[in-house]
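Structure data follow from query_33.txt (compact mmCIF, C-alpha atoms):
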```txt
# COMPACT_ATOMS: atom_id res chain seq x y z
CA MET A 155 -45.74 -62.68 154.24
CA SER A 156 -44.33 -66.17 154.65
CA ARG A 157 -40.88 -67.36 153.64
CA VAL A 158 -40.61 -70.56 151.60
CA THR A 159 -37.25 -72.23 152.09
CA THR A 160 -37.89 -75.71 150.74
CA SER A 161 -36.62 -76.40 147.24
CA THR A 162 -39.84 -78.34 146.49
CA ALA A 163 -42.07 -75.23 146.46
CA ASP A 164 -42.60 -74.13 142.86
CA LEU A 165 -42.42 -70.35 143.08
CA TRP A 166 -42.43 -70.08 139.28
CA HIS A 167 -45.79 -71.78 138.75
CA HIS A 168 -47.55 -68.60 137.62
CA TYR A 169 -44.65 -67.03 135.72
CA GLY A 170 -45.09 -66.48 131.97
CA ARG A 171 -48.26 -68.55 131.54
CA GLY A 172 -50.08 -65.98 129.42
CA ARG A 173 -47.16 -65.58 127.09
CA ALA A 174 -46.83 -69.35 126.73
CA THR A 175 -50.34 -69.61 125.32
CA SER A 176 -50.04 -66.60 123.01
CA GLY A 177 -46.53 -67.08 121.62
CA ARG A 178 -45.60 -70.62 120.67
CA THR A 179 -43.08 -69.97 117.92
CA VAL A 180 -39.31 -70.14 118.31
CA PRO A 181 -38.08 -66.56 118.91
CA ASP A 182 -36.15 -64.93 116.09
CA THR A 183 -34.17 -62.79 118.53
CA PHE A 184 -32.00 -63.28 121.61
CA TYR A 185 -31.38 -60.34 123.94
CA TRP A 186 -29.59 -60.01 127.26
CA SER A 187 -31.21 -56.78 128.44
CA TRP A 188 -33.88 -56.80 131.14
CA GLY A 189 -36.41 -55.36 128.69
CA GLN A 190 -35.59 -58.05 126.09
CA ASP A 191 -35.81 -55.41 123.40
CA ALA A 192 -32.33 -54.08 122.64
CA GLY A 193 -28.60 -54.48 123.09
CA PRO A 194 -26.17 -57.32 122.39
CA SER A 195 -27.34 -60.65 121.05
CA THR A 196 -25.72 -64.07 120.76
CA GLU A 197 -22.30 -62.68 119.80
CA ALA A 198 -21.55 -62.65 123.53
CA LEU A 199 -21.61 -66.46 123.44
CA GLY A 200 -19.18 -66.84 120.56
CA ASP A 201 -19.57 -69.30 117.69
CA LEU A 202 -21.86 -72.09 118.88
CA THR A 203 -21.54 -74.37 115.87
CA GLY A 204 -21.07 -77.91 117.12
CA ARG A 205 -20.85 -76.75 120.74
CA CYS A 206 -22.46 -78.14 123.87
CA VAL A 207 -24.41 -75.35 125.58
CA GLY A 208 -26.28 -75.08 128.89
CA ASP A 209 -28.98 -72.57 129.81
CA LEU A 210 -29.13 -72.28 133.61
CA GLY A 211 -32.60 -71.33 134.80
CA ALA A 212 -34.07 -71.60 131.33
CA GLY A 213 -37.70 -71.03 132.26
CA ALA A 214 -39.86 -71.72 129.21
CA ALA A 215 -36.65 -72.34 127.19
CA ARG A 216 -37.21 -69.55 124.68
CA HIS A 217 -33.55 -68.51 124.56
CA ALA A 218 -32.44 -72.13 124.36
CA ALA A 219 -34.89 -72.82 121.53
CA HIS A 220 -33.56 -69.83 119.60
CA LEU A 221 -30.01 -71.16 119.88
CA ALA A 222 -31.02 -74.69 118.90
CA VAL A 223 -32.79 -73.50 115.75
CA HIS A 224 -30.61 -70.61 114.60
CA HIS A 225 -27.02 -71.38 115.71
CA GLN A 226 -26.28 -75.06 114.95
CA PRO A 227 -25.01 -76.19 118.37
CA ALA A 228 -24.47 -79.88 118.95
CA GLN A 229 -26.83 -79.67 121.91
CA VAL A 230 -28.50 -77.11 124.16
CA ASP A 231 -29.59 -78.18 127.64
CA ALA A 232 -32.41 -75.98 129.00
CA VAL A 233 -32.13 -76.54 132.76
CA ASP A 234 -34.79 -75.37 135.21
CA ALA A 235 -35.93 -76.63 138.61
CA SER A 236 -39.55 -75.47 138.30
CA PRO A 237 -42.01 -78.26 137.42
CA ALA A 238 -44.33 -75.67 135.87
CA GLN A 239 -41.64 -74.08 133.72
CA HIS A 240 -40.39 -77.51 132.67
CA ALA A 241 -43.92 -78.44 131.59
CA ILE A 242 -44.33 -75.22 129.59
CA ALA A 243 -40.94 -75.66 127.92
CA THR A 244 -41.75 -79.27 127.06
CA ASP A 245 -45.10 -78.29 125.58
CA LEU A 246 -43.55 -75.50 123.51
CA TYR A 247 -40.30 -77.02 122.33
CA ALA A 248 -40.03 -80.78 122.91
CA ARG A 249 -40.29 -81.05 119.12
CA LEU A 250 -36.76 -79.61 118.87
CA ALA A 251 -35.18 -82.70 120.44
CA PRO A 252 -32.56 -84.07 120.30
CA ARG A 253 -30.71 -80.80 119.66
CA LEU A 254 -32.69 -79.17 122.49
CA ARG A 255 -32.83 -81.14 125.74
CA ILE A 256 -35.25 -79.88 128.41
CA VAL A 257 -33.93 -80.78 131.86
CA ARG A 258 -35.82 -80.46 135.13
CA SER A 259 -33.17 -79.94 137.81
CA ASP A 260 -31.69 -77.40 140.15
CA ALA A 261 -28.65 -75.89 138.49
CA VAL A 262 -26.00 -76.95 141.02
CA PRO A 263 -26.70 -80.72 141.09
CA HIS A 264 -27.06 -80.71 137.32
CA LEU A 265 -23.67 -79.07 136.94
CA HIS A 266 -22.13 -81.51 139.41
CA ALA A 267 -23.32 -84.35 137.17
CA MET A 268 -21.89 -82.75 134.03
CA THR A 269 -18.21 -82.23 134.87
CA GLY A 270 -16.17 -81.11 131.87
CA THR A 271 -19.18 -81.26 129.53
CA TYR A 272 -20.04 -77.76 128.36
CA ASP A 273 -18.36 -75.39 125.95
CA VAL A 274 -20.71 -72.56 126.95
CA LEU A 275 -22.96 -71.94 129.94
CA TYR A 276 -25.26 -68.95 130.19
CA SER A 277 -28.06 -67.47 132.29
CA VAL A 278 -30.49 -64.70 131.32
CA PHE A 279 -31.82 -63.51 134.70
CA GLY A 280 -31.98 -67.19 135.54
CA ALA A 281 -30.24 -69.51 137.98
CA VAL A 282 -27.31 -67.14 138.52
CA ASP A 283 -29.75 -64.65 140.05
CA PHE A 284 -31.52 -67.16 142.29
CA THR A 285 -28.76 -69.52 143.46
CA ASP A 286 -26.04 -68.79 145.98
CA PRO A 287 -23.12 -67.79 143.71
CA ARG A 288 -20.61 -69.36 146.11
CA GLU A 289 -22.20 -72.69 145.17
CA LEU A 290 -23.19 -72.09 141.57
CA LEU A 291 -20.07 -70.45 140.13
CA PRO A 292 -17.58 -73.17 141.21
CA SER A 293 -20.05 -75.78 139.93
CA ALA A 294 -20.25 -73.98 136.59
CA ALA A 295 -16.46 -73.81 136.35
CA ALA A 296 -16.24 -77.58 136.93
CA ALA A 297 -18.90 -78.30 134.30
CA LEU A 298 -17.10 -76.29 131.62
CA LYS A 299 -14.44 -77.72 129.36
CA PRO A 300 -11.03 -76.02 129.49
CA GLY A 301 -11.41 -72.70 127.70
CA GLY A 302 -15.20 -72.80 128.12
CA ARG A 303 -17.21 -69.65 128.65
CA LEU A 304 -19.81 -68.54 131.20
CA VAL A 305 -22.01 -65.58 130.24
CA PHE A 306 -24.87 -64.20 132.29
CA ALA A 307 -27.23 -61.25 132.46
CA THR A 308 -28.21 -60.04 135.91
CA LEU A 309 -29.80 -56.95 137.41
CA ALA A 310 -27.46 -53.98 137.91
CA HIS A 311 -29.79 -52.72 140.66
CA TYR A 312 -33.10 -53.69 142.21
CA LEU A 313 -36.28 -53.16 140.21
CA ASN A 314 -37.43 -50.55 142.73
CA GLY A 315 -34.29 -48.54 142.00
CA ALA A 316 -32.39 -49.50 145.16
CA PRO A 317 -28.66 -50.06 144.62
CA ALA A 318 -27.11 -53.50 144.26
CA GLN A 319 -25.51 -55.17 147.25
CA PRO A 320 -21.85 -54.38 148.00
CA ASP A 321 -21.37 -57.89 149.42
CA ALA A 322 -22.41 -61.40 148.36
CA VAL A 323 -25.75 -61.39 150.14
CA ALA A 324 -29.25 -62.05 148.85
CA ALA A 325 -32.43 -60.09 149.38
CA ASP A 326 -35.91 -61.50 149.86
CA ILE A 327 -38.18 -60.55 146.98
CA PRO A 328 -41.95 -61.13 146.59
CA ALA A 329 -43.17 -64.39 145.08
CA LYS A 330 -46.29 -66.55 145.00
CA THR A 331 -46.73 -70.24 145.68
CA HIS A 332 -48.66 -72.63 143.43
CA ASP A 333 -51.78 -71.86 145.49
CA GLY A 334 -51.29 -68.11 145.18
CA GLU A 335 -49.99 -67.57 148.71
CA THR A 336 -47.72 -64.56 149.06
CA THR A 337 -44.17 -65.49 150.04
CA THR A 338 -40.58 -64.54 149.23
CA MET A 339 -37.59 -65.98 147.44
CA ARG A 340 -33.92 -65.07 147.51
CA ARG A 341 -32.34 -63.07 144.68
CA TRP A 342 -28.71 -62.01 144.38
CA VAL A 343 -28.43 -58.44 143.02
CA LEU A 344 -24.75 -57.60 143.40
CA GLU A 345 -22.38 -54.82 142.47
CA GLU A 346 -19.99 -55.41 139.60
CA HIS A 347 -16.91 -55.82 141.81
CA VAL A 348 -18.68 -58.49 143.89
CA TRP A 349 -19.42 -60.61 140.82
CA THR A 350 -15.84 -60.18 139.64
CA LYS A 351 -14.47 -61.34 143.00
CA LEU A 352 -16.82 -64.34 143.14
CA LEU A 353 -15.86 -65.41 139.63
CA ASP A 354 -12.17 -65.02 140.39
CA ASP A 355 -12.59 -67.10 143.57
CA ALA A 356 -14.32 -69.81 141.49
CA GLY A 357 -11.32 -70.03 139.16
CA PHE A 358 -12.58 -68.01 136.20
CA THR A 359 -10.31 -65.75 134.15
CA ASN A 360 -10.73 -62.99 131.53
CA ILE A 361 -13.70 -61.58 133.43
CA THR A 362 -15.54 -58.69 131.78
CA VAL A 363 -18.64 -56.79 132.89
CA ASP A 364 -20.65 -54.48 130.65
CA VAL A 365 -23.56 -52.31 131.74
CA LEU A 366 -26.56 -52.37 129.39
CA PRO A 367 -28.72 -49.32 130.13
CA ALA A 368 -32.48 -49.76 130.23
CA ALA A 369 -33.92 -48.82 126.85
CA ASN A 370 -37.18 -47.49 128.26
CA GLY A 371 -38.27 -45.73 131.41
CA GLY A 372 -40.83 -47.09 133.84
CA PRO A 373 -41.31 -48.34 137.40
CA ARG A 374 -39.83 -51.82 136.80
CA THR A 375 -37.16 -51.17 134.20
CA ALA A 376 -33.55 -51.83 135.12
CA ASP A 377 -30.02 -51.65 133.84
CA THR A 378 -28.39 -54.99 133.15
CA LEU A 379 -24.93 -56.33 133.95
CA LEU A 380 -23.68 -58.57 131.15
CA VAL A 381 -20.90 -60.68 132.63
CA SER A 382 -18.50 -62.97 130.74
CA ALA A 383 -15.75 -65.20 132.10
CA TYR A 384 -13.67 -68.18 130.96
CA HIS A 385 -12.56 -71.46 132.44
CA PRO A 386 -8.77 -71.57 132.18
CA SER A 387 -7.46 -73.59 129.23
```
Spit out the file's structure as structure tokens when you get a sec.
Amino acid sequence: MSRVTTSTADLWHHYGRGRATSGRTVPDTFYWSWGQDAGPSTEALGDLTGRCVGDLGAGAARHAAHLAVHHQPAQVDAVDASPAQHAIATDLYARLAPRLRIVRSDAVPHLHAMTGTYDVLYSVFGAVDFTDPRELLPSAAAALKPGGRLVFATLAHYLNGAPAQPDAVAADIPAKTHDGETTTMRRWVLEEHVWTKLLDDAGFTNITVDVLPAANGGPRTADTLLVSAYHPS
């Protein structure tokens, strides 16, 4: 198994393609749980009316499209580095512009370019899972307005049942390149106290972590950590 380290390799080329062709409507629901079938919904984000919102690692932008259609934000930026995911999102939801803006970018440079812009940032098993949190979380704090909120869903443990990491280290997980070659990518699956410490170090306050139990059993089900934190006012 090879290890792809360049940021130009699109390791998300094959992800979600079947669903993109079979389900083209804007989702009526928004869930944080790994199974996307139960638990809290958009109340974790607060009132989005007239707000500027960023989805970090938006994939096909389904969550972002739901917010744009059902929650009256001023704007939702669906940010993803994958050329393939950007193309799928554009095909599905470009019609929702200008309220929905589909952005092809790594999360950290995008956030660096958006200092003091966002009222709310969120990630649903997205960029927070796949970007070094010591880079991403301070960048998110800087991109939020005073009093802004960061909310993210992340794995409470590995999909094979192994426990989360007790330190801020990533694990290599299986992935495939555009050509179907087997490789790995880094994913951060961290214990609750590690996320809390990283957020505190990045300047966030009012940090809360809730555990969302998996609704169904199975070999790849997982509990979810739903994490919320605020930029100081």
Please check which residues have atoms at most 8 Å from (-11.2, -68.9, 137.9) in the file's coordinates, counting all atoms listed in the file, and write them as a ChimeraX atom specification. /A:295,353-359,384-386
Work out how far CA of Val223 in chain A is from CA of Ala241 in chain A, in Å to one decimal.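 CA of Val223 in chain A lies 20.0 Å from CA of Ala241 in chain A.
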Counting all atoms listed in the file, which residues of range 288-347 of chain A fall within 12 Å of range 274-284 of chain A, and what is the closest atom pair for each with its distance in Å at one decimal, ordered by chain and rising number, as a tab-separated table?
```
residue	atom	partner	partner_atom	distance
A:Arg288	CA	A:Val282	CA	10.4
A:Glu289	CA	A:Val282	CA	10.1
A:Leu290	CA	A:Val282	CA	7.1
A:Leu291	CA	A:Val282	CA	8.1
A:Pro292	CA	A:Val282	CA	11.8
A:Ser293	CA	A:Leu275	CA	11.1
A:Ala294	CA	A:Leu275	CA	7.5
A:Ala295	CA	A:Leu275	CA	9.3
A:Ala296	CA	A:Leu275	CA	11.2
A:Ala297	CA	A:Leu275	CA	8.7
A:Leu298	CA	A:Val274	CA	7.0
A:Lys299	CA	A:Val274	CA	8.5
A:Pro300	CA	A:Val274	CA	10.6
A:Gly301	CA	A:Val274	CA	9.3
A:Gly302	CA	A:Val274	CA	5.6
A:Arg303	CA	A:Val274	CA	4.9
A:Leu304	CA	A:Leu275	CA	4.8
A:Val305	CA	A:Tyr276	CA	4.7
A:Phe306	CA	A:Ser277	CA	4.6
A:Ala307	CA	A:Val278	CA	4.9
A:Thr308	CA	A:Phe279	CA	5.2
A:Leu309	CA	A:Phe279	CA	7.4
A:Ala310	CA	A:Phe279	CA	11.0
A:His311	CA	A:Asp283	CA	11.9
A:Tyr312	CA	A:Asp283	CA	11.7
A:Ala322	CA	A:Asp283	CA	11.6
A:Val323	CA	A:Phe284	CA	11.3
A:Ala324	CA	A:Phe284	CA	8.6
A:Ala325	CA	A:Phe284	CA	10.1
A:Asp326	CA	A:Phe284	CA	10.4
A:Ile327	CA	A:Phe284	CA	10.5
A:Thr338	CA	A:Phe284	CA	11.7
A:Met339	CA	A:Phe284	CA	8.0
A:Arg340	CA	A:Phe284	CA	6.1
A:Arg341	CA	A:Phe284	CA	4.8
A:Trp342	CA	A:Asp283	CA	5.2
A:Val343	CA	A:Asp283	CA	7.0
A:Leu344	CA	A:Asp283	CA	9.3
```
So which residues are close to (-39.2, -73.6, 120.0), meaning at most 6 Å away in the file's coordinates with only C-alpha atoms counted, and can you show them as a list in words? Thr179, Val180, Ala219, Leu246 and Tyr247 of chain A
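Going from CA of Pro320 in chain A over to CA of Glu346 in chain A, you cover 8.7 Å.
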Range 226-239 of chain A: which residues within 6 Å, counting only C-alpha atoms, same-chain residues fewer than 2 positions away excluded, as a ChimeraX atom specification? /A:164,167,202-215,241-242,253-260
Could you name the residues that touch His220 in chain A at 8 Å or less, counting only C-alpha atoms, but leaving out those on the same chain fewer than 2 positions away, as a PyMOL selection string? chain A and resi 180-184+216-218+222-225
Choose the residue, out of A:Asn314, A:Thr331, A:Thr285, A:Gln190, that has the smallest atom-to-atom separation from Asn370 in chain A; count all atoms listed in the file.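 Closest to Asn370 in chain A, using all atoms listed in the file: A:Gln190.
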Do you have the CA of Asp286 in chain A-CA of Ala318 in chain A distance handy? 15.4 Å
